[in-house]
Structure formats: structure tokens, C-alpha cells
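File shown: run.pdb (PDB, C-alpha atoms).
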```pdb
ATOM      1  CA  MET V  28      12.096 -24.287  22.203
ATOM      2  CA  THR V  29      14.350 -21.893  20.265
ATOM      3  CA  GLU V  30      17.316 -20.650  22.306
ATOM      4  CA  THR V  31      17.572 -16.857  22.311
ATOM      5  CA  GLN V  32      19.890 -14.094  23.425
ATOM      6  CA  THR V  33      18.842 -10.517  24.197
ATOM      7  CA  LEU V  34      20.589  -7.741  22.255
ATOM      8  CA  THR V  35      20.094  -3.985  22.282
ATOM      9  CA  LEU V  36      19.026  -2.309  19.058
ATOM     10  CA  ALA V  37      22.462  -0.704  18.793
ATOM     11  CA  GLU V  38      24.087  -4.140  19.067
ATOM     12  CA  ILE V  39      21.794  -5.544  16.359
ATOM     13  CA  GLU V  40      22.612  -2.677  14.027
ATOM     14  CA  ASP V  41      26.356  -2.955  14.676
ATOM     15  CA  LEU V  42      26.397  -6.726  14.168
ATOM     16  CA  SER V  43      24.413  -6.412  10.933
ATOM     17  CA  PHE V  44      26.681  -3.662   9.638
ATOM     18  CA  ARG V  45      29.903  -5.553  10.347
ATOM     19  CA  ALA V  46      28.588  -8.781   8.805
ATOM     20  CA  LEU V  47      27.466  -7.018   5.626
ATOM     21  CA  VAL V  48      30.810  -5.233   5.252
ATOM     22  CA  ALA V  49      32.682  -8.486   5.893
ATOM     23  CA  ALA V  50      30.683 -10.072   3.063
ATOM     24  CA  GLY V  51      31.808  -7.375   0.626
ATOM     25  CA  THR V  52      29.202  -4.627   1.009
ATOM     26  CA  SER V  53      30.401  -1.030   1.036
ATOM     27  CA  GLU V  54      29.943   0.850   4.292
ATOM     28  CA  ALA V  55      27.643   3.348   2.579
ATOM     29  CA  ASN V  56      25.336   0.538   1.434
ATOM     30  CA  ALA V  57      25.569  -1.475   4.652
ATOM     31  CA  ARG V  58      24.507   1.365   6.968
ATOM     32  CA  PRO V  59      20.888   1.828   5.833
ATOM     33  CA  LEU V  60      20.375  -1.928   5.612
ATOM     34  CA  ALA V  61      21.752  -2.431   9.135
ATOM     35  CA  ALA V  62      19.554   0.357  10.519
ATOM     36  CA  ALA V  63      16.494  -1.204   8.862
ATOM     37  CA  THR V  64      17.402  -4.608  10.299
ATOM     38  CA  ALA V  65      17.470  -3.242  13.844
ATOM     39  CA  ALA V  66      14.183  -1.389  13.321
ATOM     40  CA  THR V  67      12.598  -4.535  11.910
ATOM     41  CA  GLU V  68      13.653  -6.554  14.959
ATOM     42  CA  ALA V  69      12.280  -3.805  17.199
ATOM     43  CA  ASP V  70       8.928  -4.024  15.417
ATOM     44  CA  GLY V  71       8.797  -7.766  16.072
ATOM     45  CA  VAL V  72       9.139  -8.819  12.417
ATOM     46  CA  ALA V  73      11.961 -11.290  13.058
ATOM     47  CA  SER V  74      11.495 -13.068   9.726
ATOM     48  CA  HIS V  75      12.835  -9.948   7.954
ATOM     49  CA  GLY V  76      15.429  -9.019  10.581
ATOM     50  CA  LEU V  77      18.729 -10.620  11.554
ATOM     51  CA  ALA V  78      17.649 -13.904   9.977
ATOM     52  CA  TYR V  79      18.073 -12.240   6.585
ATOM     53  CA  ILE V  80      21.654 -11.031   7.155
ATOM     54  CA  PRO V  81      23.270 -14.381   6.176
ATOM     55  CA  ILE V  82      21.068 -14.402   3.045
ATOM     56  CA  TYR V  83      22.095 -10.849   2.159
ATOM     57  CA  ALA V  84      25.736 -11.785   2.686
ATOM     58  CA  GLU V  85      25.415 -14.888   0.524
ATOM     59  CA  HIS V  86      23.819 -12.845  -2.249
ATOM     60  CA  VAL V  87      26.616 -10.264  -2.176
ATOM     61  CA  GLN V  88      29.208 -13.011  -2.387
ATOM     62  CA  CYS V  89      27.517 -14.865  -5.271
ATOM     63  CA  GLY V  90      26.712 -11.702  -7.243
ATOM     64  CA  LYS V  91      22.932 -11.778  -6.897
ATOM     65  CA  VAL V  92      23.223  -8.276  -5.436
ATOM     66  CA  ASP V  93      26.043  -5.758  -5.957
ATOM     67  CA  GLY V  94      27.138  -4.670  -2.499
ATOM     68  CA  ASN V  95      29.098  -1.752  -3.974
ATOM     69  CA  ALA V  96      26.435  -0.415  -6.326
ATOM     70  CA  THR V  97      25.784   3.323  -6.582
ATOM     71  CA  PRO V  98      22.129   4.268  -7.165
ATOM     72  CA  VAL V  99      21.530   6.669 -10.058
ATOM     73  CA  LEU V 100      18.791   9.300  -9.557
ATOM     74  CA  THR V 101      17.031  11.207 -12.312
ATOM     75  CA  ARG V 102      14.076  13.652 -12.438
ATOM     76  CA  PRO V 103      12.077  12.887 -15.626
ATOM     77  CA  ARG V 104       9.231  15.160 -14.440
ATOM     78  CA  PRO V 105       8.942  17.714 -11.589
ATOM     79  CA  GLY V 106       6.830  15.312  -9.515
ATOM     80  CA  VAL V 107       8.610  12.111 -10.524
ATOM     81  CA  ILE V 108      11.856  10.811  -9.070
ATOM     82  CA  SER V 109      13.418   7.762 -10.708
ATOM     83  CA  VAL V 110      16.236   5.712  -9.207
ATOM     84  CA  ASP V 111      18.155   2.918 -10.896
ATOM     85  CA  ALA V 112      19.404   0.744  -8.028
ATOM     86  CA  ALA V 113      22.052  -0.749 -10.356
ATOM     87  CA  THR V 114      21.347  -4.281  -9.031
ATOM     88  CA  GLY V 115      22.301  -3.145  -5.535
ATOM     89  CA  PHE V 116      20.371  -3.211  -2.284
ATOM     90  CA  ALA V 117      17.031  -1.416  -2.281
ATOM     91  CA  HIS V 118      17.713   0.510   0.924
ATOM     92  CA  PRO V 119      20.408   2.886  -0.409
ATOM     93  CA  ALA V 120      18.282   3.498  -3.521
ATOM     94  CA  ILE V 121      15.265   4.317  -1.363
ATOM     95  CA  ASP V 122      17.367   6.628   0.820
ATOM     96  CA  ALA V 123      18.571   8.520  -2.250
ATOM     97  CA  GLY V 124      15.053   8.715  -3.618
ATOM     98  CA  PHE V 125      13.488   9.924  -0.366
ATOM     99  CA  GLU V 126      15.928  12.844  -0.222
ATOM    100  CA  ALA V 127      14.236  14.156  -3.375
ATOM    101  CA  LEU V 128      10.735  12.710  -2.856
ATOM    102  CA  ILE V 129       9.946  14.360   0.487
ATOM    103  CA  PRO V 130      10.669  17.974  -0.534
ATOM    104  CA  ALA V 131       8.963  17.423  -3.904
ATOM    105  CA  ALA V 132       5.773  16.208  -2.184
ATOM    106  CA  ARG V 133       5.813  19.148   0.216
ATOM    107  CA  GLU V 134       6.244  21.611  -2.636
ATOM    108  CA  GLN V 135       3.759  20.098  -5.086
ATOM    109  CA  GLY V 136       1.341  18.260  -2.799
ATOM    110  CA  ILE V 137       2.182  14.860  -4.287
ATOM    111  CA  ALA V 138       5.225  13.152  -5.779
ATOM    112  CA  VAL V 139       6.236   9.625  -6.776
ATOM    113  CA  LEU V 140       9.443   7.630  -6.527
ATOM    114  CA  ALA V 141      10.040   4.804  -9.023
ATOM    115  CA  ILE V 142      12.892   2.358  -8.343
ATOM    116  CA  ARG V 143      14.085  -0.319 -10.770
ATOM    117  CA  ASN V 144      16.900  -2.894 -10.965
ATOM    118  CA  SER V 145      16.490  -3.340  -7.228
ATOM    119  CA  TYR V 146      16.433  -6.108  -4.628
ATOM    120  CA  ASN V 147      14.334  -7.168  -1.655
ATOM    121  CA  CYS V 148      13.492  -3.999   0.321
ATOM    122  CA  GLY V 149      12.766  -5.865   3.568
ATOM    123  CA  VAL V 150       9.743  -4.647   5.518
ATOM    124  CA  LEU V 151       7.902  -2.234   3.237
ATOM    125  CA  GLY V 152       6.189  -0.507   6.162
ATOM    126  CA  TYR V 153       9.579   0.529   7.524
ATOM    127  CA  HIS V 154       9.963   2.786   4.496
ATOM    128  CA  THR V 155       6.415   4.187   4.338
ATOM    129  CA  ALA V 156       6.638   4.951   8.076
ATOM    130  CA  ARG V 157       9.556   7.268   7.293
ATOM    131  CA  LEU V 158       7.290   9.247   4.979
ATOM    132  CA  ALA V 159       4.656   9.469   7.718
ATOM    133  CA  ARG V 160       7.283  10.786  10.148
ATOM    134  CA  ALA V 161       7.947  13.512   7.585
ATOM    135  CA  GLY V 162       4.281  14.517   7.813
ATOM    136  CA  LEU V 163       3.249  12.848   4.556
ATOM    137  CA  VAL V 164       0.844  10.045   3.754
ATOM    138  CA  GLY V 165       3.090   7.354   2.307
ATOM    139  CA  LEU V 166       2.031   4.581  -0.053
ATOM    140  CA  GLY V 167       4.473   1.860  -1.036
ATOM    141  CA  PHE V 168       4.496  -1.086  -3.435
ATOM    142  CA  THR V 169       7.190  -3.679  -4.068
ATOM    143  CA  ASN V 170       7.093  -6.672  -6.379
ATOM    144  CA  ALA V 171       8.782 -10.001  -5.759
ATOM    145  CA  PRO V 172       9.673 -13.177  -7.677
ATOM    146  CA  ALA V 173       6.571 -15.095  -8.732
ATOM    147  CA  SER V 174       5.146 -17.307  -5.985
ATOM    148  CA  ILE V 175       1.347 -16.922  -6.329
ATOM    149  CA  ALA V 176      -0.651 -18.700  -9.007
ATOM    150  CA  PRO V 177      -3.619 -16.920 -10.637
ATOM    151  CA  SER V 178      -7.170 -17.880  -9.696
ATOM    152  CA  GLY V 179      -7.915 -21.220 -11.331
ATOM    153  CA  GLY V 180      -4.262 -21.776 -12.234
ATOM    154  CA  SER V 181      -1.366 -23.672 -10.658
ATOM    155  CA  LYS V 182       1.782 -21.925 -11.952
ATOM    156  CA  PRO V 183       2.944 -18.818 -10.016
ATOM    157  CA  VAL V 184       2.876 -15.610 -12.066
ATOM    158  CA  VAL V 185       3.030 -12.861  -9.411
ATOM    159  CA  GLY V 186       4.922 -12.485  -6.157
ATOM    160  CA  THR V 187       3.647 -11.983  -2.634
ATOM    161  CA  ASN V 188       3.840  -8.306  -3.637
ATOM    162  CA  PRO V 189       3.286  -6.259  -0.457
ATOM    163  CA  PHE V 190       1.704  -2.832  -0.311
ATOM    164  CA  SER V 191       1.817  -0.380   2.581
ATOM    165  CA  VAL V 192       0.084   2.807   3.695
ATOM    166  CA  ALA V 193       1.435   4.966   6.533
ATOM    167  CA  VAL V 194      -0.443   7.954   7.946
ATOM    168  CA  PRO V 195       1.254  10.671  10.047
ATOM    169  CA  GLY V 196       0.191  11.104  13.667
ATOM    170  CA  GLU V 197       0.354  14.063  16.006
ATOM    171  CA  ASP V 198       3.227  12.560  18.024
ATOM    172  CA  GLY V 199       5.508  12.228  14.997
ATOM    173  CA  GLU V 200       4.956   8.477  14.698
ATOM    174  CA  PRO V 201       2.645   6.821  12.155
ATOM    175  CA  GLU V 202      -0.908   6.844  13.508
ATOM    176  CA  LEU V 203      -1.972   4.115  11.099
ATOM    177  CA  LEU V 204       0.351   1.670   9.337
ATOM    178  CA  ILE V 205      -1.005  -0.913   6.930
ATOM    179  CA  ASP V 206       1.663  -3.306   5.671
ATOM    180  CA  GLN V 207       0.499  -6.534   4.100
ATOM    181  CA  SER V 208       1.374  -8.928   1.339
ATOM    182  CA  ALA V 209      -0.981 -10.342  -1.262
ATOM    183  CA  SER V 210      -0.484 -13.794   0.225
ATOM    184  CA  THR V 211      -1.997 -15.133   3.421
ATOM    185  CA  ILE V 212       1.442 -14.871   5.009
ATOM    186  CA  ALA V 213       4.791 -13.485   3.883
ATOM    187  CA  LYS V 214       6.922 -16.062   2.056
ATOM    188  CA  SER V 215       9.773 -15.359   4.461
ATOM    189  CA  GLU V 216       7.644 -16.877   7.250
ATOM    190  CA  VAL V 217       7.357 -20.134   5.296
ATOM    191  CA  MET V 218      11.110 -20.030   4.665
ATOM    192  CA  LYS V 219      11.691 -19.477   8.386
ATOM    193  CA  HIS V 220       9.576 -22.528   9.255
ATOM    194  CA  ALA V 221      11.491 -24.582   6.688
ATOM    195  CA  ARG V 222      14.836 -23.578   8.205
ATOM    196  CA  GLU V 223      13.596 -24.493  11.670
ATOM    197  CA  GLY V 224      12.007 -27.769  10.559
ATOM    198  CA  ARG V 225       8.523 -26.727  11.676
ATOM    199  CA  GLU V 226       5.187 -27.321   9.982
ATOM    200  CA  ILE V 227       3.236 -24.345   8.671
ATOM    201  CA  PRO V 228      -0.456 -23.769   9.438
ATOM    202  CA  LEU V 229      -2.877 -25.052   6.832
ATOM    203  CA  GLY V 230      -3.867 -22.221   4.522
ATOM    204  CA  TRP V 231      -0.422 -20.624   4.207
ATOM    205  CA  ALA V 232       0.720 -22.425   1.058
ATOM    206  CA  LEU V 233      -0.191 -24.944  -1.642
ATOM    207  CA  ASP V 234       1.974 -27.758  -2.985
ATOM    208  CA  ALA V 235       2.880 -28.165  -6.662
ATOM    209  CA  ASP V 236      -0.500 -29.798  -7.328
ATOM    210  CA  GLY V 237      -2.402 -26.893  -5.791
ATOM    211  CA  THR V 238      -3.309 -28.800  -2.626
ATOM    212  CA  PRO V 239      -3.108 -27.025   0.762
ATOM    213  CA  THR V 240      -0.079 -28.273   2.701
ATOM    214  CA  THR V 241       1.522 -28.016   6.142
ATOM    215  CA  ASP V 242       4.958 -28.930   4.750
ATOM    216  CA  PRO V 243       6.938 -25.677   4.265
ATOM    217  CA  ASP V 244       9.283 -27.289   1.722
ATOM    218  CA  ALA V 245       6.334 -28.470  -0.360
ATOM    219  CA  GLY V 246       4.828 -25.007  -0.122
ATOM    220  CA  LEU V 247       8.043 -23.381  -1.311
ATOM    221  CA  LYS V 248       8.035 -25.681  -4.341
ATOM    222  CA  GLY V 249       4.389 -24.905  -5.015
ATOM    223  CA  SER V 250       2.534 -21.635  -4.482
ATOM    224  CA  MET V 251       1.803 -19.227  -1.685
ATOM    225  CA  ALA V 252      -1.900 -19.048  -0.864
ATOM    226  CA  PRO V 253      -3.347 -15.660  -1.884
ATOM    227  CA  SER V 254      -5.097 -13.754   0.882
ATOM    228  CA  GLY V 255      -8.825 -13.804   0.265
ATOM    229  CA  GLY V 256      -8.544 -16.011  -2.804
ATOM    230  CA  TYR V 257      -9.016 -14.110  -6.065
ATOM    231  CA  LYS V 258      -8.972 -10.795  -4.180
ATOM    232  CA  GLY V 259      -5.404 -11.470  -3.057
ATOM    233  CA  VAL V 260      -4.444 -12.180  -6.665
ATOM    234  CA  GLY V 261      -5.949  -8.801  -7.572
ATOM    235  CA  VAL V 262      -3.808  -7.058  -4.952
ATOM    236  CA  ALA V 263      -0.716  -8.844  -6.295
ATOM    237  CA  LEU V 264      -1.521  -7.706  -9.828
ATOM    238  CA  LEU V 265      -2.076  -4.120  -8.659
ATOM    239  CA  THR V 266       1.318  -4.114  -6.970
ATOM    240  CA  GLU V 267       2.947  -5.702 -10.036
ATOM    241  CA  ILE V 268       1.619  -2.817 -12.138
ATOM    242  CA  MET V 269       2.808  -0.181  -9.664
ATOM    243  CA  ALA V 270       6.211  -1.611  -8.705
ATOM    244  CA  ALA V 271       7.288  -3.305 -11.935
ATOM    245  CA  ALA V 272       5.367  -2.193 -15.035
ATOM    246  CA  LEU V 273       5.343   1.485 -14.012
ATOM    247  CA  THR V 274       8.968   1.558 -12.828
ATOM    248  CA  GLY V 275      10.614  -0.449 -15.602
ATOM    249  CA  ALA V 276      11.610  -3.204 -13.178
ATOM    250  CA  THR V 277      11.602  -6.921 -13.942
ATOM    251  CA  LEU V 278       8.246  -8.674 -13.690
ATOM    252  CA  GLY V 279       8.021 -11.228 -10.894
ATOM    253  CA  ILE V 280       7.551 -14.036 -13.408
ATOM    254  CA  ASN V 281      11.009 -13.234 -14.842
ATOM    255  CA  ALA V 282      12.818 -12.359 -11.593
ATOM    256  CA  SER V 283      15.308 -14.672  -9.917
ATOM    257  CA  PRO V 284      14.423 -15.881  -6.387
ATOM    258  CA  PHE V 285      15.203 -13.847  -3.271
ATOM    259  CA  SER V 286      16.540 -17.123  -1.808
ATOM    260  CA  GLY V 287      19.380 -19.336  -3.005
ATOM    261  CA  THR V 288      22.236 -18.367  -5.297
ATOM    262  CA  ALA V 289      20.810 -19.153  -8.734
ATOM    263  CA  GLY V 290      19.633 -16.700 -11.344
ATOM    264  CA  GLY V 291      21.639 -13.530 -10.914
ATOM    265  CA  PRO V 292      20.172 -10.194  -9.717
ATOM    266  CA  PRO V 293      16.341 -10.207  -9.447
ATOM    267  CA  LYS V 294      16.076  -6.577 -10.676
ATOM    268  CA  THR V 295      12.668  -6.062  -9.068
ATOM    269  CA  GLY V 296      11.218  -2.659  -8.192
ATOM    270  CA  GLN V 297       9.511  -0.362  -5.721
ATOM    271  CA  MET V 298       7.083   2.518  -6.094
ATOM    272  CA  PHE V 299       6.398   5.114  -3.407
ATOM    273  CA  ILE V 300       3.777   7.843  -3.492
ATOM    274  CA  ALA V 301       4.031  10.696  -0.988
ATOM    275  CA  ILE V 302       1.051  12.994  -0.410
ATOM    276  CA  ASP V 303       0.933  16.165   1.668
ATOM    277  CA  PRO V 304      -2.499  15.979   3.340
ATOM    278  CA  ALA V 305      -2.610  19.761   3.737
ATOM    279  CA  ALA V 306      -2.697  20.076  -0.047
ATOM    280  CA  THR V 307      -5.662  17.760  -0.590
ATOM    281  CA  SER V 308      -7.980  17.995   2.407
ATOM    282  CA  ASN V 309      -8.553  21.699   3.079
ATOM    283  CA  ASP V 310      -7.158  21.145   6.595
ATOM    284  CA  THR V 311      -9.765  18.473   7.416
ATOM    285  CA  PHE V 312      -7.288  15.578   7.313
ATOM    286  CA  ARG V 313      -6.625  15.499  11.045
ATOM    287  CA  ALA V 314     -10.329  15.534  11.891
ATOM    288  CA  GLY V 315     -10.933  12.709   9.440
ATOM    289  CA  MET V 316      -8.181  10.581  10.919
ATOM    290  CA  VAL V 317      -9.412  11.228  14.457
ATOM    291  CA  GLY V 318     -12.799   9.973  13.356
ATOM    292  CA  ILE V 319     -11.466   6.821  11.699
ATOM    293  CA  VAL V 320      -9.020   5.925  14.460
ATOM    294  CA  GLY V 321     -11.501   6.776  17.200
ATOM    295  CA  ALA V 322     -14.179   4.541  15.686
ATOM    296  CA  VAL V 323     -11.793   1.584  15.725
ATOM    297  CA  ARG V 324     -10.344   2.125  19.181
ATOM    298  CA  ALA V 325     -13.779   2.724  20.707
ATOM    299  CA  GLN V 326     -14.572  -0.951  20.182
ATOM    300  CA  PRO V 327     -13.217  -3.241  22.928
ATOM    301  CA  GLY V 328     -10.644  -5.636  21.495
ATOM    302  CA  ALA V 329     -10.502  -3.944  18.077
ATOM    303  CA  HIS V 330      -7.071  -3.724  16.445
ATOM    304  CA  LEU V 331      -5.726  -0.755  14.510
ATOM    305  CA  PRO V 332      -3.026  -1.689  11.965
ATOM    306  CA  GLY V 333       0.374  -0.620  13.224
ATOM    307  CA  ASP V 334      -0.439  -0.571  16.944
ATOM    308  CA  GLY V 335       1.269  -3.902  17.546
ATOM    309  CA  ARG V 336       4.528  -2.742  15.992
ATOM    310  CA  ARG V 337       4.445   0.526  17.911
ATOM    311  CA  GLY V 338       4.109  -1.284  21.251
ATOM    312  CA  LYS V 339       6.893  -3.722  20.450
ATOM    313  CA  ARG V 340       9.143  -0.878  19.301
ATOM    314  CA  ILE V 341       8.759   0.979  22.597
ATOM    315  CA  LYS V 342       9.487  -2.182  24.561
ATOM    316  CA  ALA V 343      12.517  -3.023  22.412
ATOM    317  CA  ARG V 344      14.068   0.389  23.021
ATOM    318  CA  ASP V 345      13.904  -0.201  26.765
ATOM    319  CA  GLN V 346      14.526  -3.938  27.048
ATOM    320  CA  GLY V 347      16.276  -5.026  23.863
ATOM    321  CA  VAL V 348      15.216  -7.861  21.566
ATOM    322  CA  ALA V 349      15.455 -11.636  22.006
ATOM    323  CA  VAL V 350      17.101 -13.054  18.889
ATOM    324  CA  SER V 351      17.781 -16.621  17.846
ATOM    325  CA  VAL V 352      21.153 -17.987  18.973
ATOM    326  CA  ALA V 353      21.274 -20.092  15.792
ATOM    327  CA  THR V 354      20.932 -16.925  13.713
ATOM    328  CA  LEU V 355      23.635 -15.182  15.746
ATOM    329  CA  THR V 356      25.954 -18.151  15.192
ATOM    330  CA  ARG V 357      25.490 -17.920  11.417
ATOM    331  CA  ILE V 358      26.152 -14.192  11.441
ATOM    332  CA  LYS V 359      29.227 -14.450  13.662
ATOM    333  CA  ALA V 360      30.627 -17.065  11.277
ATOM    334  CA  LEU V 361      30.658 -14.338   8.612
ATOM    335  CA  LEU V 362      32.941 -12.270  10.831
ATOM    336  CA  GLY V 363      35.462 -15.085  11.236
TER     337      GLY V 363
END
```
Output the file's structure as C-alpha cells, nothing else.
Amino acid sequence: MTETQTLTLAEIEDLSFRALVAAGTSEANARPLAAATAATEADGVASHGLAYIPIYAEHVQCGKVDGNATPVLTRPRPGVISVDAATGFAHPAIDAGFEALIPAAREQGIAVLAIRNSYNCGVLGYHTARLARAGLVGLGFTNAPASIAPSGGSKPVVGTNPFSVAVPGEDGEPELLIDQSASTIAKSEVMKHAREGREIPLGWALDADGTPTTDPDAGLKGSMAPSGGYKGVGVALLTEIMAAALTGATLGINASPFSGTAGGPPKTGQMFIAIDPAATSNDTFRAGMVGIVGAVRAQPGAHLPGDGRRGKRIKARDQGVAVSVATLTRIKALLG
């Protein structure tokens, strides 16, 4: 059984911040990444939380990501915001972009944010949820290094490529939050099992010969299993178009891995679309959402995407989060 220690969200954020700065990240770039790490742990997505801090630190130190990068924002069209992340962390680039995206969407009804030369943005739903809290419907796409083979093929050509949709609720929190990758499971979960020496469930990954495997190391050398077969490949291709082709970012097939030190900056991308529902629905948006959400929750045992994270977040604020002692040891080693 994995040994854990309970930390408050403030402690998680502080520890993340100090470790990132110690690794050579500027304070301005470390703050949004540390805040996202704490929020991710609160949502129960541990694979993208503190466990990633040593990886982020390693990538700053080896030059895979520039911890001191300054995002560059431009406005090529009134409804289009473009940010060059300058091979830095995605989070500061997204922060800079959202400062322009949110007012543009409110003014025009819809606006898009295109980010290139970026890095792993962590949990995509963390970012789209921010748009929902601003009263906007937020759509997000992010591409990743190739890890999914096309239908009938064996060589990966697209990444796990998540997409997310967040819908504003009456209490200020997202009422509906869809956040899913094109693979059966996020690659970080397979990496987590590999680090811990645990088998993965059959159906998560394929080995280099295209055979389903329970060995996480074999899966990491092979291909992630697409969710729903060819339909998952279609989702990955859609996200590749949105987050890479349309932003000017590097295609997943040419991007360096998000793990290890080889290959230099991945230079992947993100695309966000923010929509003001008042501009498109003639004030019927709320009634429509009540109908959709009500139909799901009226069924005993039915699950609405995002409810699980909301419940965990509330609990984490009151009781803290149990985190792996092994992970804490690795992070504390960064602090000396």
C-alpha cells in the first residue's frame, strides 16, 4: 500500500512553487503552475498533480522547457488572441491569453485563443473551468507527442490529445465539465503505474506489436489504446487540427516527449474557444442546461461529468489531500 501524508491545498501550492523556483523557474511562471497543481490534487487527479513537479523541474534544468520564458500576445483579428509561449510553460501563456480572451468573448459573443510553442498544460479541464466561472462556455483542445497509432496501423501519429467543455452554473462553478483524452486512459496514468511498478488494466495500452498488454513499460514503448477504437482516433485528429494545425504549433508526430530529457522543447499547442451563451441562445441557455442536467440526475446512479471532481474539491478544501510520501521525498530533494 502506498504511504501517504495529508497536506492542505495551501501547503501543496507552496511546496510546488518553491520546488519550481529552486529548479530555475521564475516566480512569475511558477505561481500559475503551482496553483494549478494544488487545484489538480483537490480534484483528485493525482497523476497530473504533485507527481509532475519533479518532471517539470527536470525539464527546466535540461532545457526542454524555458522556466524564464515570457509569453508574447498578439491580436491578429478582433476575435482572435494568439500567444507564443516561447517554449515556456503553458500556464503563464494561458493566463496571459485569458486576460484578453474573456473580455473579447463577452464583447463579441465568441472569441478564440491560439497558443503555440507551448508545453504540457496539465489538466485541460482546469483551464476550461476558469472560463465557465467567468460565465462563458469554454472549449479547450491540447495536442501531445504522438502515442496513438491510426486505425489499422501500428506506429503512433497523434497524441492522447484531450478536449474539454465547461459550462457555467448558477453557483459560479461549472455545472458540467467534460475533460477526456482520445485514449482509453491518460498516458500519465500508465507512466504512474510504471513508476510504481504496477500492472495496468488490459485495454489501456498496446505493445510495439499492437497487442494489448498489462505491462506499463511495454505500453509506453508501444501505443496508447484509443477510446472507442477508430472513434478515439477521430477525436485525436480533431484535437490535432484545433491545437496544432490551427495554432501553428508542432504536430504530435514531430514533438519531443513530455517525459525524459531527450528532444528539446516539444512546442505543442492549445486552442480555447469562449462563448457567451447570452449571445447565442436568446436567453434560453439556462433552461436548456436545466433540462439536460435534470434528465441525467433524475436517473438513479447516473453520473454527470464533473460531479466527481466537484465533490472531491469540496472535501479537499476542508480536509486536505493525501499525497504520496515517495513523491514528497522527490520534491523535497529539489529543495536541498
So what does the PyMOL selection byres ((chain V and resi 171) around 9) actually pick up in this one, as a ChimeraX atom specification? /V:146-147,169-170,172-174,185-189,267,278-280,282,284-285,293,295-296
Run through the PyMOL selection byres ((chain V and resi 348) around 6) on the given coordinates and return the selected residues as a PyMOL selection string. chain V and resi 33-34+343+347+349
Test item: residues at most 9 Å from region 305-318 of chain V, all atoms listed in the file, excluding those fewer than 6 positions along its chain, as a PDB file with C-alpha atoms, in the frame of the given file:
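To be explicit, this is the file written out as out.pdb:
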```pdb
ATOM      1  CA  ARG V 133       5.813  19.148   0.216  1.00  0.00           C
ATOM      2  CA  GLN V 135       3.759  20.098  -5.086  1.00  0.00           C
ATOM      3  CA  GLY V 136       1.341  18.260  -2.799  1.00  0.00           C
ATOM      4  CA  ILE V 137       2.182  14.860  -4.287  1.00  0.00           C
ATOM      5  CA  VAL V 194      -0.443   7.954   7.946  1.00  0.00           C
ATOM      6  CA  GLY V 196       0.191  11.104  13.667  1.00  0.00           C
ATOM      7  CA  GLU V 197       0.354  14.063  16.006  1.00  0.00           C
ATOM      8  CA  GLU V 202      -0.908   6.844  13.508  1.00  0.00           C
ATOM      9  CA  LEU V 203      -1.972   4.115  11.099  1.00  0.00           C
TER      10      LEU V 203
END
```
Adding 8 Å on each side of the box along x, y and z that holds all listed atoms of region 293-310 of chain V, could you give its centre and edge lengths in Å to one decimal, as lines of an AutoDock Vina configuration file?
```
center_x = 3.9
center_y = 5.7
center_z = -2.0
size_x = 40.9
size_y = 47.9
size_z = 33.3
```
Apply the PyMOL selection byres ((chain V and resi 108) around 12) to the structure shown and report the selected residues as a ChimeraX atom specification. /V:99-107,109-111,120-121,123-132,137-143,274,297-301
Here is a test: counting all atoms listed in the file, which residue of V:Ala66, V:Leu233, V:Met218, V:Ala73 is nearest to Pro183 (chain V)?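 Selected residue with least distance to Pro183 (chain V): V:Leu233.
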What lies within 7 Å of Gly71 (chain V) using only C-alpha atoms, ignoring chain neighbours under 4 positions off, as a list in words?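 Non-adjacent residues within range: Thr67, Arg336 and Lys339 of chain V.
If all atoms listed in the file are the atoms counted, then among V:Thr155, V:Thr241, V:Ser215, V:Ser210 the closest residue to Leu264 (chain V) is V:Ser210.
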Interatomic distance, CA of Gly230 (chain V) to CA of Ala252 (chain V) (Å, one decimal):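 So the answer is 6.6 Å.
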Closest to Leu47 (chain V) among V:Gly149, V:Leu163, V:Leu204, V:Lys359, using all atoms listed in the file? V:Lys359
Pick out the closest residue to Gly261 (chain V) from this set: V:Pro98, V:Pro201, V:Ser178, V:Pro292. Count only C-alpha atoms.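 Closest to Gly261 (chain V) of all the choices is V:Ser178.
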Taking (-8.9, -12.0, -4.0) in the file's own coordinates, collect the residues within 12 Å, counting only C-alpha atoms, and hand them back as a PDB file with C-alpha atoms, in the frame of the given file.
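Output below, filename out-v9.pdb:
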```
ATOM      1  CA  ILE V 175       1.347 -16.922  -6.329  1.00  0.00           C
ATOM      2  CA  ALA V 176      -0.651 -18.700  -9.007  1.00  0.00           C
ATOM      3  CA  PRO V 177      -3.619 -16.920 -10.637  1.00  0.00           C
ATOM      4  CA  SER V 178      -7.170 -17.880  -9.696  1.00  0.00           C
ATOM      5  CA  GLY V 179      -7.915 -21.220 -11.331  1.00  0.00           C
ATOM      6  CA  SER V 208       1.374  -8.928   1.339  1.00  0.00           C
ATOM      7  CA  ALA V 209      -0.981 -10.342  -1.262  1.00  0.00           C
ATOM      8  CA  SER V 210      -0.484 -13.794   0.225  1.00  0.00           C
ATOM      9  CA  THR V 211      -1.997 -15.133   3.421  1.00  0.00           C
ATOM     10  CA  ALA V 252      -1.900 -19.048  -0.864  1.00  0.00           C
ATOM     11  CA  PRO V 253      -3.347 -15.660  -1.884  1.00  0.00           C
ATOM     12  CA  SER V 254      -5.097 -13.754   0.882  1.00  0.00           C
ATOM     13  CA  GLY V 255      -8.825 -13.804   0.265  1.00  0.00           C
ATOM     14  CA  GLY V 256      -8.544 -16.011  -2.804  1.00  0.00           C
ATOM     15  CA  TYR V 257      -9.016 -14.110  -6.065  1.00  0.00           C
ATOM     16  CA  LYS V 258      -8.972 -10.795  -4.180  1.00  0.00           C
ATOM     17  CA  GLY V 259      -5.404 -11.470  -3.057  1.00  0.00           C
ATOM     18  CA  VAL V 260      -4.444 -12.180  -6.665  1.00  0.00           C
ATOM     19  CA  GLY V 261      -5.949  -8.801  -7.572  1.00  0.00           C
ATOM     20  CA  VAL V 262      -3.808  -7.058  -4.952  1.00  0.00           C
ATOM     21  CA  ALA V 263      -0.716  -8.844  -6.295  1.00  0.00           C
ATOM     22  CA  LEU V 264      -1.521  -7.706  -9.828  1.00  0.00           C
ATOM     23  CA  LEU V 265      -2.076  -4.120  -8.659  1.00  0.00           C
TER      24      LEU V 265
END
```
With all atoms listed in the file as the atoms that count, which of V:Arg160, V:Lys91, V:His118, V:Arg225 lies nearest to Asn56 (chain V)?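 Closest to Asn56 (chain V), using all atoms listed in the file: V:His118.
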Have a look at CA of Gly275 (chain V) and CA of Met251 (chain V) and let me know their distance in Å, one decimal.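 Distance between the two atoms: 25.0 Å.
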